[in-house]
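Enquirer: I have a structure here, written as structure tokens, and I will follow up with some questions on it.
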Amino acid sequence: MRAHHPIRLLLIAALAIMLGGGCLCWLTGNCDEKLTPPSNPTPANGAVDQPTSVTLSWEGGNSPAGRTIRQDVYLGTSNPPLLYKPSVAGRSLTIDSLSLARTYYWRVILIDEDGRNVIGPIWSFTTVYPPAYMAVIYPNWATSWSRGESRTIQWRSGYAGSQVRLDLYKAGFNLCSITEATHNDGYYDWELTSCADKSDPDYRIKVTSLLDENLYDFSDFFTVELPCPIEVTVPRERELWVTGEARTIQWQPLGLGTNIKVGLHLYRGSDYQYIIAANTPDDGSFDWVVNDYGGGSGPDYRVRISDLNEFNCSQFSDFFSVQACTVRVTSPAVNDIWPLQSQHSITWDPIHLPEAVVLELYHNGDFVCVLDPAAPNTGAYLWTVTRCDSPYGERFQIKVHGGPDGSCGFSGRFNLH
């Protein structure tokens with residue numbers, strides 16, 4: 001065998017250390033005994049929906065005979081990850097209390113007792129998303145939104161990154177972008193634009209995380225209404241309307257040929273009360289004998305007027321008060337005929353009335369005259385029948401009440417001849 005010169009051997013060894021991490025196995029004859037790089041990670045590289053307590057494991061790290069190997073684990077949400085735990089015993093490490101909906105990067109670096117190392121590849125996994133981690137709260141199923149009206153879109157998204165995108169959908173189709181990017185703070189003020197060009201109940205808003213396009217949620221279906229030009233002018237805010245009295249509902253007419261449906265709605269919650277008129281001409285007014293339809297007295301009544309030619313075009317009046325007349329007036333009764341100048345007894349239930357009551361004559365809901373401003377509350381009053389210069393002979397009523405804010409009651413509609 002040819003002998004090697006000692007200086008040449010030293011030069012080759014130095015070169016081997018620089019190029020091969022200090023491997024001198026060719027001098028010992030153990031060149032098959034190398035540090036085996038880490039491989040086959042668990043969780044698998046790119047795994048998703050991992051629990052927040054996870055055991056990392058890997059294969060590899062076999063050492064040359066008689067050598068001690070140190071295994072350092074690097075872990076974090078940044079790439080490349082920082083050192084998490086040095087000198088891990090075995091080929092696994094259990095990690096607790098990871099954050100939800102986060103991507104973690106990790107690797108294992110092997111170092112032997114002579115300082116040689118093998119740097120493993122960087123792997124990643126993503127922890128599970130919490131239930132309903134992305135949820136659009138508003139608009140909801142009860143929302144009715146007019147085009148041109150500003151509202152605040154609301155969502156809940158604690159794990160979707162710093163920004164989200166908002167889009168408007170109709171019947172499953174993307175109509176337009178509300179905003180390409182906004183802070184993920186759960187609120188966005190928006191004026192409903194012209195891309196919602198139909199009055200329909202099948203609109204939705206989609207909120208999407210810009211961190212991960214797979215993280216999104218749709219709002220409930222909500223209703224869009226086109227601008228409605230109806231304006232209700234009467235009843236006005238805080239007006240007091242008494243049941244049995246004649247009042248005129250008023251609005252700005254929409255134009256010839258337009259039919260208006262007038263409805264009375266009682267809002268104690270969202271309860272619909274009654275239809276006043278199913279179909280009346282668009283002449284700007286409707287004469288109505290006030291009726292609470294069993295709703296009782298309260299300050300929270302409104303009249304809604306709807307355009308029958310335009311779906312979902314309707315407006316409400318201001319809130320006004322209704323005083324329900326609950327006193328029972330037993331005579332005159334419905335369809336009684338009382339001749340003029342004859343004497344008849346007006347009778348009523350005196351309970352809940354003061355010592356003196358007011359007796360008034362009404363025709364078709366309109367006030368005619370006072371019969372007695374202070375009649376004793378005995379429950380009966382002998383009246384010499386008069387029309388108080390009224391030219392009408394039918395549909396009269398007697399009103400009995402205890403003053404402007406007291407209890408009241410109307411008789412049935414009777415005739416005077």
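Residue names in the structure tokens use chain letters A, B, ... in the order shown, residue numbers from 1 in each chain, and ligand numbers from 1 in the order shown.
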Which polymer residues have any atom within 12 Å of an atom of Thr55 (chain A), counting only C-alpha atoms, with same-chain residues fewer than 2 positions away left out, as a PyMOL selection string?

Expert: chain A and resi 41-44+50-53+57-58+91-98+125

Enquirer: Please produce a file of the residues just selected, as a compact mmCIF listing (two decimals), in the first residue's frame, where the atoms kept are N, CA, C and O atoms.

Expert:
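Okay, this is what ended up in result00.txt:
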```
# COMPACT_ATOMS: atom_id res chain seq x y z
N PRO A 41 -42.47 13.63 10.25
CA PRO A 41 -42.97 14.33 11.45
C PRO A 41 -44.41 13.96 11.75
O PRO A 41 -45.19 13.58 10.88
N THR A 42 -44.76 14.07 13.02
CA THR A 42 -46.15 14.00 13.48
C THR A 42 -46.38 15.20 14.39
O THR A 42 -45.64 15.38 15.35
N PRO A 43 -47.39 16.05 14.09
CA PRO A 43 -48.32 16.01 12.98
C PRO A 43 -47.60 16.11 11.63
O PRO A 43 -46.51 16.65 11.54
N ALA A 44 -48.24 15.58 10.59
CA ALA A 44 -47.66 15.65 9.27
C ALA A 44 -47.49 17.10 8.83
O ALA A 44 -48.24 17.99 9.27
N GLN A 50 -55.46 20.76 14.23
CA GLN A 50 -54.74 20.09 15.30
C GLN A 50 -55.17 20.64 16.66
O GLN A 50 -55.49 21.83 16.78
N PRO A 51 -55.20 19.79 17.69
CA PRO A 51 -55.61 20.27 19.02
C PRO A 51 -54.57 21.23 19.59
O PRO A 51 -53.42 21.29 19.13
N THR A 52 -54.98 21.96 20.61
CA THR A 52 -54.06 22.92 21.23
C THR A 52 -53.06 22.23 22.16
O THR A 52 -52.12 22.88 22.63
N SER A 53 -53.25 20.97 22.45
CA SER A 53 -52.25 20.15 23.13
C SER A 53 -51.85 19.04 22.16
O SER A 53 -52.67 18.21 21.78
N SER A 57 -43.52 14.50 17.17
CA SER A 57 -42.61 13.35 17.11
C SER A 57 -41.99 13.29 15.73
O SER A 57 -42.51 13.87 14.77
N TRP A 58 -40.88 12.57 15.63
CA TRP A 58 -40.14 12.49 14.39
C TRP A 58 -39.29 11.23 14.39
O TRP A 58 -39.14 10.55 15.41
N ARG A 91 -37.53 11.01 20.90
CA ARG A 91 -37.89 11.63 19.63
C ARG A 91 -39.33 12.14 19.65
O ARG A 91 -40.08 11.99 18.69
N SER A 92 -39.74 12.74 20.75
CA SER A 92 -41.07 13.33 20.86
C SER A 92 -41.07 14.40 21.93
O SER A 92 -40.22 14.39 22.83
N LEU A 93 -42.04 15.31 21.81
CA LEU A 93 -42.17 16.40 22.77
C LEU A 93 -43.64 16.83 22.79
O LEU A 93 -44.22 17.14 21.75
N THR A 94 -44.25 16.84 23.98
CA THR A 94 -45.65 17.25 24.13
C THR A 94 -45.71 18.74 24.43
O THR A 94 -45.04 19.24 25.33
N ILE A 95 -46.55 19.43 23.65
CA ILE A 95 -46.72 20.88 23.80
C ILE A 95 -48.16 21.14 24.24
O ILE A 95 -49.10 20.64 23.63
N ASP A 96 -48.34 21.92 25.30
CA ASP A 96 -49.67 22.29 25.79
C ASP A 96 -49.94 23.77 25.56
O ASP A 96 -49.01 24.57 25.37
N SER A 97 -51.23 24.12 25.62
CA SER A 97 -51.69 25.52 25.63
C SER A 97 -51.28 26.29 24.38
O SER A 97 -50.89 27.47 24.44
N LEU A 98 -51.39 25.65 23.23
CA LEU A 98 -51.20 26.38 21.98
C LEU A 98 -52.43 27.25 21.72
O LEU A 98 -53.51 27.01 22.25
N PHE A 125 -47.94 23.06 11.12
CA PHE A 125 -49.30 22.55 11.36
C PHE A 125 -50.14 23.72 11.85
O PHE A 125 -49.61 24.73 12.34
```

Enquirer: Fewer than 5 positions away in the same chain doesn't count, so skip those; otherwise give me all residues within 12 Å of region 232-242 of chain A, counting only C-alpha atoms, as a ChimeraX atom specification.

Expert: /A:247-254,260,262-264,284-292,296-306,314-326,365-367,399,401,404-410

Enquirer: Please report the interatomic distance between CA of Cys228 (chain A) and CA of Asp189 (chain A) in Å with one decimal.

Expert: 21.9 Å

Enquirer: What is the CA of Val334 (chain A) to CA of Gly403 (chain A) distance in Å?

Expert: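 Result for CA of Val334 (chain A) versus CA of Gly403 (chain A): 24.6 Å, one decimal.
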
Enquirer: Using only C-alpha atoms, find the one residue out of A:Ala277, A:Pro37, A:Asn214, A:Thr77 that sits nearest to Gly60 (chain A).

Expert: A:Pro37

Enquirer: Excluding Glu394 (chain A) and any residue of its chain fewer than 3 positions from it, enumerate the residues within 9 Å of it, using only C-alpha atoms, and give them as a short mmCIF file (atom, residue, chain, number, x, y, z; two decimals) with N, CA, C and O atoms, in the first residue's frame.

Expert:
```cif
data_model
loop_
_atom_site.label_atom_id
_atom_site.label_comp_id
_atom_site.auth_asym_id
_atom_site.auth_seq_id
_atom_site.Cartn_x
_atom_site.Cartn_y
_atom_site.Cartn_z
N ASN A 335 -128.58 50.87 16.16
CA ASN A 335 -129.78 50.93 15.32
C ASN A 335 -131.04 51.39 16.05
O ASN A 335 -132.16 51.31 15.49
N ILE A 337 -133.78 54.00 17.19
CA ILE A 337 -134.31 55.21 16.55
C ILE A 337 -134.94 56.08 17.63
O ILE A 337 -135.91 55.67 18.29
N HIS A 363 -121.35 62.42 15.56
CA HIS A 363 -121.92 61.86 14.34
C HIS A 363 -120.80 61.30 13.46
O HIS A 363 -119.89 62.04 13.09
N ASN A 364 -120.89 60.02 13.16
CA ASN A 364 -119.90 59.35 12.31
C ASN A 364 -118.48 59.60 12.81
O ASN A 364 -117.55 59.77 12.02
N ARG A 413 -124.17 53.02 17.52
CA ARG A 413 -124.62 54.01 16.55
C ARG A 413 -126.16 53.91 16.40
O ARG A 413 -126.68 52.83 16.10
N PHE A 414 -126.77 55.06 16.59
CA PHE A 414 -128.25 55.07 16.55
C PHE A 414 -128.71 56.17 15.59
O PHE A 414 -127.89 56.97 15.10
N ASN A 415 -130.02 56.23 15.35
CA ASN A 415 -130.59 57.18 14.40
C ASN A 415 -131.47 58.19 15.10
O ASN A 415 -132.18 57.86 16.07
N LEU A 416 -131.41 59.44 14.62
CA LEU A 416 -132.29 60.50 15.12
C LEU A 416 -133.23 60.94 14.02
O LEU A 416 -132.81 61.22 12.89
N HIS A 417 -134.54 60.97 14.34
CA HIS A 417 -135.54 61.36 13.34
C HIS A 417 -136.58 62.26 13.98
O HIS A 417 -136.84 62.17 15.18
#
```

Enquirer: Identify, on the basis of only C-alpha atoms, every residue whose closest approach to Gln163 (chain A) does not exceed 10 Å; exclude the query and any residue fewer than 5 positions from it along the same chain; express the result as a list in words.

Expert: Glu180, Ala181, Thr182, His183, Asn184, Asp185, Thr208, Ser209, Leu210 and Leu211 of chain A

Enquirer: If I take CA of Ile119 (chain A) and CA of Arg102 (chain A), how far is one from the other in Å, to one decimal?

Expert: 24.2 Å

Enquirer: Have a look at A:Gln397, A:Ser411, A:Lys261, A:Pro354 and name the one nearest to Thr330 (chain A); count only C-alpha atoms.

Expert: A:Ser411

Enquirer: What lies within 8 Å of Phe218 (chain A) using only C-alpha atoms, ignoring chain neighbours under 4 positions off, as a ChimeraX atom specification?

Expert: /A:135-136,204-207

Enquirer: For Trp190 (chain A), which residue out of A:Gly172, A:Gly120, A:Gly161, A:Gly148 is the nearest one, using only C-alpha atoms?

Expert: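 Looking at the shortest contact to Trp190 (chain A), the residue is A:Gly148.
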